[in-house]
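**Student:** So I've got this file, input-v2.txt, and it contains compact mmCIF, C-alpha atoms and all ligand atoms:
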```
# COMPACT_ATOMS: atom_id res chain seq x y z
CA MET A 9 -100.89 -9.67 -47.87
CA ASN A 10 -99.78 -6.03 -48.15
CA SER A 11 -99.69 -4.25 -51.52
CA GLU A 12 -95.91 -4.63 -51.92
CA LEU A 13 -96.17 -8.41 -51.46
CA ILE A 14 -99.13 -8.59 -53.86
CA LEU A 15 -97.12 -6.70 -56.50
CA LYS A 16 -94.13 -9.01 -56.02
CA GLN A 17 -96.32 -12.13 -56.16
CA THR A 18 -98.06 -10.89 -59.33
CA ALA A 19 -94.69 -10.16 -60.87
CA LYS A 20 -93.43 -13.62 -59.95
CA ASP A 21 -96.55 -15.33 -61.32
CA ASN A 22 -96.24 -13.45 -64.58
CA HIS A 23 -92.42 -13.63 -64.80
CA TYR A 24 -92.12 -9.82 -64.62
CA ASN A 25 -88.79 -8.19 -63.74
CA MET A 26 -89.97 -6.22 -60.74
CA PRO A 27 -87.39 -4.37 -58.63
CA ALA A 28 -86.82 -6.03 -55.28
CA GLU A 29 -86.74 -2.95 -53.05
CA PRO A 30 -89.64 -0.54 -52.37
CA SER A 31 -87.36 2.43 -53.20
CA GLN A 32 -86.61 0.86 -56.58
CA MET A 33 -90.32 0.25 -57.13
CA ILE A 34 -91.07 3.90 -56.43
CA ASN A 35 -88.31 4.86 -58.85
CA VAL A 36 -89.85 2.68 -61.58
CA ALA A 37 -93.30 4.14 -60.88
CA LEU A 38 -91.89 7.68 -61.18
CA GLN A 39 -90.10 6.86 -64.44
CA PHE A 40 -93.34 5.36 -65.77
CA GLN A 41 -95.28 8.49 -64.81
CA GLN A 42 -92.72 10.75 -66.52
CA LEU A 43 -92.88 8.61 -69.65
CA LEU A 44 -96.65 8.86 -69.75
CA MET A 45 -96.26 12.66 -69.70
CA LEU A 46 -94.02 12.39 -72.82
CA TYR A 47 -96.54 10.18 -74.66
CA GLU A 48 -99.42 12.45 -73.67
CA SER A 49 -97.49 15.47 -75.00
CA ALA A 50 -96.92 13.70 -78.33
CA ILE A 51 -100.64 12.92 -78.58
CA LYS A 52 -101.52 16.55 -77.78
CA GLN A 53 -99.18 17.84 -80.46
CA LEU A 54 -100.47 15.48 -83.16
CA LYS A 55 -104.13 15.98 -82.26
CA THR A 56 -103.65 19.75 -82.46
CA LYS A 57 -102.12 19.34 -85.93
CA PHE A 58 -105.15 17.40 -87.15
CA GLU A 59 -107.53 19.87 -85.51
CA ILE A 60 -105.77 22.76 -87.27
CA LEU A 61 -106.15 20.94 -90.59
CA GLU A 62 -109.85 20.42 -89.82
CA ASP A 63 -110.26 24.15 -89.05
CA GLU A 64 -108.55 24.96 -92.33
CA PHE A 65 -111.11 22.90 -94.28
CA GLU A 66 -113.90 24.53 -92.27
CA SER A 67 -112.65 28.04 -93.01
CA LYS A 68 -112.47 27.27 -96.73
CA HIS A 69 -115.98 25.75 -96.57
CA GLU A 70 -114.59 22.56 -97.98
CA ARG A 71 -115.78 19.05 -97.20
CA LYS A 72 -113.87 17.70 -94.20
CA PRO A 73 -111.92 14.47 -94.82
CA ILE A 74 -111.82 13.88 -91.05
CA ASN A 75 -114.89 12.70 -89.18
CA ASN A 76 -113.48 12.11 -85.69
CA ILE A 77 -110.17 12.09 -83.79
CA SER A 78 -109.67 10.07 -80.62
CA SER A 79 -106.64 9.00 -78.64
CA ARG A 80 -105.51 6.62 -75.93
CA ILE A 81 -102.48 5.67 -73.89
CA LYS A 82 -102.01 1.91 -73.75
CA GLU A 83 -103.04 0.35 -70.43
CA PRO A 84 -100.08 -0.82 -68.24
CA MET A 85 -101.34 -4.44 -68.32
CA SER A 86 -101.60 -4.27 -72.09
CA ILE A 87 -98.02 -2.93 -72.30
CA ALA A 88 -96.79 -5.78 -70.07
CA GLU A 89 -98.77 -8.38 -72.04
CA LYS A 90 -97.41 -7.16 -75.39
CA LEU A 91 -93.79 -7.12 -74.18
CA GLN A 92 -94.21 -10.63 -72.86
CA ARG A 93 -95.90 -11.83 -76.08
CA LYS A 94 -93.00 -10.42 -78.11
CA GLY A 95 -90.49 -12.20 -75.85
CA PHE A 96 -89.11 -9.12 -74.07
CA ALA A 97 -88.65 -8.66 -70.34
CA ILE A 98 -91.10 -6.22 -68.78
CA THR A 99 -88.83 -3.25 -68.17
CA ILE A 100 -89.14 0.50 -68.68
CA ASP A 101 -86.26 0.32 -71.14
CA ASN A 102 -88.00 -2.30 -73.31
CA MET A 103 -91.27 -0.39 -73.11
CA VAL A 104 -89.54 2.68 -74.59
CA THR A 105 -87.39 0.94 -77.18
CA LYS A 106 -89.54 -2.00 -78.33
CA LEU A 107 -93.12 -0.65 -78.33
CA TYR A 108 -94.26 2.03 -80.75
CA ASP A 109 -97.97 1.99 -79.93
CA ILE A 110 -98.03 3.18 -76.33
CA ALA A 111 -99.47 6.45 -77.59
CA GLY A 112 -102.24 5.97 -80.13
CA ILE A 113 -104.43 8.24 -82.21
CA ARG A 114 -107.42 7.05 -84.23
CA ILE A 115 -108.87 9.09 -87.05
CA THR A 116 -112.09 8.18 -88.80
CA CYS A 117 -112.82 9.47 -92.28
CA PRO A 118 -115.98 9.51 -94.39
CA PHE A 119 -114.51 7.90 -97.52
CA ILE A 120 -111.66 5.48 -98.32
CA SER A 121 -109.81 8.08 -100.42
CA ASP A 122 -110.00 10.49 -97.44
CA VAL A 123 -107.96 7.99 -95.41
CA TYR A 124 -105.09 8.31 -97.89
CA HIS A 125 -105.55 12.09 -98.05
CA VAL A 126 -105.11 12.33 -94.27
CA TYR A 127 -101.98 10.18 -94.64
CA ARG A 128 -100.61 12.54 -97.33
CA MET A 129 -101.28 15.52 -95.03
CA LEU A 130 -99.21 13.74 -92.40
CA LEU A 131 -96.33 13.38 -94.87
CA ASN A 132 -96.29 17.19 -95.22
CA GLN A 133 -95.57 17.81 -91.53
CA ASP A 134 -91.95 18.86 -90.92
CA ASP A 135 -91.81 17.60 -87.35
CA VAL A 136 -93.33 14.19 -88.10
CA GLU A 137 -91.20 11.31 -89.34
CA ILE A 138 -92.91 8.23 -90.77
CA ILE A 139 -91.36 5.10 -89.27
CA GLU A 140 -93.65 2.40 -90.62
CA LEU A 141 -96.78 2.08 -92.75
CA LYS A 142 -99.09 -0.93 -92.55
CA ASP A 143 -101.89 -0.85 -95.10
CA TYR A 144 -104.57 -3.19 -93.79
CA ILE A 145 -107.02 -1.65 -96.30
CA LYS A 146 -105.20 -2.92 -99.36
CA ASN A 147 -104.13 -6.03 -97.40
CA PRO A 148 -106.84 -6.74 -94.79
CA LYS A 149 -106.00 -8.93 -91.79
CA LYS A 150 -107.21 -12.53 -91.72
CA SER A 151 -109.96 -11.42 -89.32
CA GLY A 152 -111.30 -8.94 -91.90
CA TYR A 153 -109.84 -5.95 -90.03
CA ARG A 154 -109.18 -2.93 -92.25
CA SER A 155 -107.30 0.24 -91.32
CA LEU A 156 -104.23 2.22 -92.30
CA HIS A 157 -101.64 2.08 -89.51
CA VAL A 158 -98.90 4.68 -89.51
CA ILE A 159 -96.15 4.66 -86.91
CA VAL A 160 -94.63 8.11 -86.63
CA LYS A 161 -92.11 9.88 -84.46
CA VAL A 162 -93.23 13.36 -83.53
CA ARG A 163 -90.69 15.93 -82.35
CA VAL A 164 -91.86 17.55 -79.11
CA SER A 165 -90.05 20.56 -77.60
CA PHE A 166 -89.77 20.61 -73.82
CA SER A 167 -88.16 23.33 -71.67
CA ASP A 168 -84.60 22.11 -72.20
CA GLU A 169 -84.73 19.40 -74.87
CA LYS A 170 -86.47 18.05 -77.95
CA ARG A 171 -87.71 14.46 -77.97
CA ASP A 172 -88.84 12.27 -80.86
CA ILE A 173 -91.77 10.28 -79.50
CA PRO A 174 -93.40 7.33 -81.29
CA VAL A 175 -97.16 7.33 -81.85
CA GLU A 176 -99.33 4.83 -83.72
CA ILE A 177 -101.93 6.54 -85.90
CA GLN A 178 -104.81 4.39 -87.10
CA ILE A 179 -106.73 5.96 -89.99
CA ARG A 180 -109.89 4.29 -91.28
CA THR A 181 -113.39 4.95 -92.59
CA ILE A 182 -116.40 5.28 -90.30
CA ALA A 183 -117.60 1.93 -91.68
CA MET A 184 -114.28 0.17 -90.95
CA ASP A 185 -114.36 1.67 -87.46
CA PHE A 186 -117.91 0.39 -86.90
CA TRP A 187 -116.74 -3.16 -87.67
CA ALA A 188 -113.56 -2.87 -85.55
CA ALA A 189 -115.43 -1.46 -82.55
CA LEU A 190 -118.04 -4.23 -82.54
CA GLU A 191 -115.56 -6.99 -83.35
CA HIS A 192 -113.39 -5.71 -80.48
CA GLN A 193 -116.30 -6.25 -78.08
CA ILE A 194 -117.41 -9.65 -79.26
CA HIS A 195 -114.28 -11.32 -80.55
CA TYR A 196 -110.85 -9.59 -80.48
CA LYS A 197 -108.38 -11.02 -77.95
CA LYS A 198 -110.94 -13.37 -76.37
CA ASP A 199 -108.99 -16.00 -74.47
CA TYR A 200 -111.21 -18.89 -75.55
CA LYS A 201 -111.50 -20.41 -79.00
CA MET A 202 -114.40 -19.08 -81.04
CA PRO A 203 -116.49 -21.47 -83.11
CA PRO A 204 -115.11 -21.28 -86.70
CA ASP A 205 -118.41 -19.98 -88.11
CA VAL A 206 -118.09 -16.82 -85.93
CA ASP A 207 -114.70 -16.03 -87.53
CA GLU A 208 -116.12 -16.64 -90.98
CA GLU A 209 -119.27 -14.58 -90.34
CA LEU A 210 -117.23 -11.63 -89.01
CA LYS A 211 -114.95 -11.78 -92.03
CA GLN A 212 -117.93 -11.84 -94.41
CA ILE A 213 -119.47 -8.84 -92.62
CA ALA A 214 -116.14 -6.99 -92.98
CA ASP A 215 -116.15 -7.76 -96.72
CA THR A 216 -119.75 -6.52 -97.07
CA ILE A 217 -118.83 -3.32 -95.22
CA SER A 218 -115.84 -2.85 -97.52
CA GLN A 219 -118.06 -3.21 -100.60
CA THR A 220 -120.47 -0.66 -99.09
CA ASP A 221 -117.56 1.77 -98.56
CA GLU A 222 -116.62 1.38 -102.21
CA ARG A 223 -120.22 1.89 -103.41
CA MET A 224 -120.58 5.04 -101.27
CA GLU A 225 -117.36 6.47 -102.69
CA LYS A 226 -118.38 5.67 -106.27
CA LEU A 227 -121.80 7.25 -105.71
CA ALA A 228 -120.33 10.42 -104.15
CA LYS A 229 -117.72 10.85 -106.89
CA ASN A 230 -120.45 10.87 -109.53
CA LEU A 231 -122.04 13.97 -107.98
CA PRO A 232 -120.95 17.24 -109.62
CA ASP A 233 -120.32 19.17 -106.37
CA PHE A 234 -118.45 16.42 -104.50
CA ILE A 235 -114.99 17.49 -103.32
CA ASP A 236 -112.73 14.58 -104.20
CA TYR A 237 -109.44 14.34 -102.30
CA SER A 238 -108.21 11.32 -104.28
CA ASN A 239 -105.27 13.12 -105.88
P1 LIG A 301 -105.67 -1.74 -78.35
O1 LIG A 301 -106.94 -2.09 -77.68
O2 LIG A 301 -105.90 -0.86 -79.58
O3 LIG A 301 -104.62 -1.22 -77.47
P2 LIG A 301 -99.57 -7.05 -82.42
O4 LIG A 301 -100.59 -7.46 -83.46
O5 LIG A 301 -100.24 -6.40 -81.23
O6 LIG A 301 -98.66 -8.15 -82.11
P3 LIG A 301 -98.69 -4.87 -84.02
O7 LIG A 301 -97.75 -5.20 -85.13
O8 LIG A 301 -98.50 -3.56 -83.34
O9 LIG A 301 -98.58 -6.00 -82.94
O10 LIG A 301 -100.13 -5.04 -84.50
P4 LIG A 301 -101.06 -4.39 -85.58
O11 LIG A 301 -101.95 -5.49 -85.97
O12 LIG A 301 -100.36 -3.66 -86.65
O13 LIG A 301 -101.89 -3.32 -84.75
C1 LIG A 301 -102.50 -3.71 -83.58
C2 LIG A 301 -103.71 -2.80 -83.34
O14 LIG A 301 -104.58 -2.84 -84.48
C3 LIG A 301 -104.52 -3.34 -82.19
O15 LIG A 301 -104.07 -2.70 -81.04
C4 LIG A 301 -105.95 -2.94 -82.55
O16 LIG A 301 -106.21 -1.61 -82.19
C5 LIG A 301 -105.93 -3.04 -84.06
N1 LIG A 301 -106.30 -4.38 -84.57
C6 LIG A 301 -105.49 -5.25 -85.22
N2 LIG A 301 -106.15 -6.35 -85.59
C7 LIG A 301 -107.42 -6.19 -85.19
C8 LIG A 301 -108.61 -7.00 -85.30
O17 LIG A 301 -108.62 -8.11 -85.85
N3 LIG A 301 -109.74 -6.47 -84.75
C9 LIG A 301 -109.79 -5.26 -84.14
N4 LIG A 301 -110.96 -4.86 -83.63
N5 LIG A 301 -108.68 -4.49 -84.02
C10 LIG A 301 -107.53 -4.94 -84.53
P5 LIG A 301 -103.93 -3.49 -79.68
O18 LIG A 301 -102.75 -2.96 -78.99
O19 LIG A 301 -103.98 -4.96 -79.91
O20 LIG A 301 -105.19 -3.14 -78.90
```
Take the structure from the file and write it as structure tokens.
Ligand code: 0O2
**Tutor:**
Amino acid sequence: MNSELILKQTAKDNHYNMPAEPSQMINVALQFQQLLMLYESAIKQLKTKFEILEDEFESKHERKPINNISSRIKEPMSIAEKLQRKGFAITIDNMVTKLYDIAGIRITCPFISDVYHVYRMLLNQDDVEIIELKDYIKNPKKSGYRSLHVIVKVRVSFSDEKRDIPVEIQIRTIAMDFWAALEHQIHYKKDYKMPPDVDEELKQIADTISQTDERMEKLAKNLPDFIDYSN
């Protein structure tokens, strides 16, 4: 089977709305590529903002509330799977209008209060609009997952237009990130049913990690030279 037939068969098997003609397919591929450029630009702009803030702390010799910044563009299969799961047809239009996490940035922070400080710094940015806030630290997920999720629209200037591009920013402590990274490998989105004790054990580990985060913060705040970004 040639690649065009394979694509069409895959689309049929998965109920995708694939264009029938090769010229249409090329058109969709080009649109997809252009969109990725937009999302990558939004990531670049936001990452630079956070890096500038980091440099500012460095220059003032202050403790940095940011430990690490990473980013990703959602995989095409993951985009298709999410659209399908949400009951939308797999089209470029739905990808743009229904999904806000195609571009993603993850920031890890030393302490829990730093997570909220980074969020407050985000609120101060003129070209960033907060669309949605999900606080999975105050309200952890059933799995035990903790993180602050902020959907923003960042205004990016191109040669002849300005575009507001959605980005999902996940902000969490190093400890929360440790749990999420390992849970992602052993459990998250596995297509078979886990024994119930695995779920329970992972949740208990998440709770232990959360208590450790709180103890670390309490300990640090009792030290006279600790720079506290709580307020
Ligand atoms: P990836 O690998 O990051 O691309 P959804 O839950 O997907 O229907 P929504 O509302 O966007 O829709 O979800 P949510 O829960 O607010 O955020 C989803 C993202 O949070 C996931 O992205 C993960 O990165 C992270 N996440 C949520 N729950 C868990 C969890 O239990 N364990 C781990 N390790 N991560 C979690 P994606 O797109 O699913 O995956």
**Student:** Name the residues in contact with Ala189 of chain A at a cut-off of 12 Å, using all atoms listed in the file, excluding same-chain residues fewer than 6 positions from it; report them as a PDB file with C-alpha atoms, keeping the file's coordinate frame.
**Tutor:**
```pdb
ATOM      1  CA  ARG A 114    -107.420   7.050 -84.230  1.00  0.00           C
ATOM      2  CA  THR A 116    -112.090   8.180 -88.800  1.00  0.00           C
ATOM      3  CA  TYR A 153    -109.840  -5.950 -90.030  1.00  0.00           C
ATOM      4  CA  ARG A 154    -109.180  -2.930 -92.250  1.00  0.00           C
ATOM      5  CA  ARG A 180    -109.890   4.290 -91.280  1.00  0.00           C
ATOM      6  CA  ILE A 182    -116.400   5.280 -90.300  1.00  0.00           C
ATOM      7  CA  ALA A 183    -117.600   1.930 -91.680  1.00  0.00           C
ATOM      8  CA  HIS A 195    -114.280 -11.320 -80.550  1.00  0.00           C
ATOM      9  CA  TYR A 196    -110.850  -9.590 -80.480  1.00  0.00           C
ATOM     10  CA  ALA A 214    -116.140  -6.990 -92.980  1.00  0.00           C
TER      11      ALA A 214
END
```
**Student:** Which neighbours of Lys57 of chain A fall inside 12 Å, counting all atoms listed in the file, when residues of the same chain fewer than 2 positions from it are skipped, and could you give them as a compact mmCIF listing (two decimals) with C-alpha atoms, in the coordinates of the input?
**Tutor:**
```txt
# COMPACT_ATOMS: atom_id res chain seq x y z
CA ALA A 50 -96.92 13.70 -78.33
CA ILE A 51 -100.64 12.92 -78.58
CA LYS A 52 -101.52 16.55 -77.78
CA GLN A 53 -99.18 17.84 -80.46
CA LEU A 54 -100.47 15.48 -83.16
CA LYS A 55 -104.13 15.98 -82.26
CA GLU A 59 -107.53 19.87 -85.51
CA ILE A 60 -105.77 22.76 -87.27
CA LEU A 61 -106.15 20.94 -90.59
CA GLU A 62 -109.85 20.42 -89.82
CA ASP A 63 -110.26 24.15 -89.05
CA GLU A 64 -108.55 24.96 -92.33
CA ILE A 77 -110.17 12.09 -83.79
CA ILE A 113 -104.43 8.24 -82.21
CA VAL A 126 -105.11 12.33 -94.27
CA MET A 129 -101.28 15.52 -95.03
CA LEU A 130 -99.21 13.74 -92.40
CA ASN A 132 -96.29 17.19 -95.22
CA GLN A 133 -95.57 17.81 -91.53
CA ASP A 134 -91.95 18.86 -90.92
CA ASP A 135 -91.81 17.60 -87.35
CA VAL A 136 -93.33 14.19 -88.10
CA VAL A 162 -93.23 13.36 -83.53
```
**Student:** Using all atoms listed in the file, which residues of the polymer chains come no farther than 7 Å from ligand LIG 301 (chain A)? I'd like the answer as JSON, numbers by chain.
**Tutor:** {"A": [82, 86, 90, 109, 142, 149, 151, 152, 153, 157, 188, 189, 191, 192, 196]}
**Student:** Tell me which of A:Lys226, A:Ile235, A:Tyr108, A:Tyr144 sits closest to His69 of chain A, counting all atoms listed in the file.
**Tutor:** A:Ile235
**Student:** Skipping near chain neighbours, those fewer than 6 positions away, what residues fall within 10 Å of Ile87 of chain A using all atoms listed in the file, listed as a VMD selection string?
**Tutor:** chain A and resid 81 93 98 103 107 109 to 110
**Student:** Please, what distance in Å, to one decimal, runs between atom CA of Tyr124 of chain A and atom CA of Leu156 of chain A?
**Tutor:**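 Between atom CA of Tyr124 of chain A and atom CA of Leu156 of chain A the gap works out to 8.3 Å.
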**Student:** So how far away is atom CA of Pro118 of chain A from atom CA of Met224 of chain A, in Å?
**Tutor:** 9.4 Å
**Student:** Sort by chain and increasing residue number a table of all residues of segment 125-221 of chain A within 12 Å of segment 39-43 of chain A, each with its closest pair of atoms and their distance in Å to one decimal, counting all atoms listed in the file, and write it as JSON lines.
**Tutor:**
```
{"residue": "A:Arg171", "atom": "CA", "partner": "A:Leu43", "partner_atom": "CA", "distance": 11.4}
{"residue": "A:Ile173", "atom": "CA", "partner": "A:Leu43", "partner_atom": "CA", "distance": 10.1}
{"residue": "A:Pro174", "atom": "CA", "partner": "A:Leu43", "partner_atom": "CA", "distance": 11.7}
```
**Student:** Write to file, as a PDB file, in the coordinates of the input, the residues of the selection just made, with C-alpha atoms.
**Tutor:**
```
ATOM      1  CA  ARG A 171     -87.710  14.460 -77.970  1.00  0.00           C
ATOM      2  CA  ILE A 173     -91.770  10.280 -79.500  1.00  0.00           C
ATOM      3  CA  PRO A 174     -93.400   7.330 -81.290  1.00  0.00           C
TER       4      PRO A 174
END
```
**Student:** Take atom CA of Ser67 of chain A and atom CA of Phe234 of chain A and report the distance between them in Å, one decimal.
**Tutor:**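 Spanning atom CA of Ser67 of chain A to atom CA of Phe234 of chain A is a straight-line distance of 17.3 Å.
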**Student:** Taking into account all atoms listed in the file, which residue in the set A:Val36, A:Ile145, A:Leu210, A:Ala88 is nearest to Ile120 of chain A?
**Tutor:**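 Checking each of A:Val36, A:Ile145, A:Leu210, A:Ala88 against Ile120 of chain A, counting all atoms listed in the file, the winner is A:Ile145.
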**Student:** May I have the residues within 6 Å of Ile159 of chain A as a ChimeraX atom specification, using all atoms listed in the file and disregarding those fewer than 6 positions away in the same chain?
**Tutor:** /A:139-140,175-176
**Student:** Would you save the residues from that selection as an mmCIF file, in the coordinates of the input, using C-alpha atoms?
**Tutor:**
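For reference, part.cif as written:
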```cif
data_model
loop_
_atom_site.group_PDB
_atom_site.id
_atom_site.type_symbol
_atom_site.label_atom_id
_atom_site.label_comp_id
_atom_site.auth_asym_id
_atom_site.auth_seq_id
_atom_site.Cartn_x
_atom_site.Cartn_y
_atom_site.Cartn_z
ATOM 1 C CA ILE A 139 -91.360 5.100 -89.270
ATOM 2 C CA GLU A 140 -93.650 2.400 -90.620
ATOM 3 C CA VAL A 175 -97.160 7.330 -81.850
ATOM 4 C CA GLU A 176 -99.330 4.830 -83.720
#
```
**Student:** Find, counting all atoms listed in the file, the residue in A:Asp221, A:Glu208, A:Ser31, A:Ile100 that gets nearest to Pro84 of chain A.
**Tutor:** A:Ile100
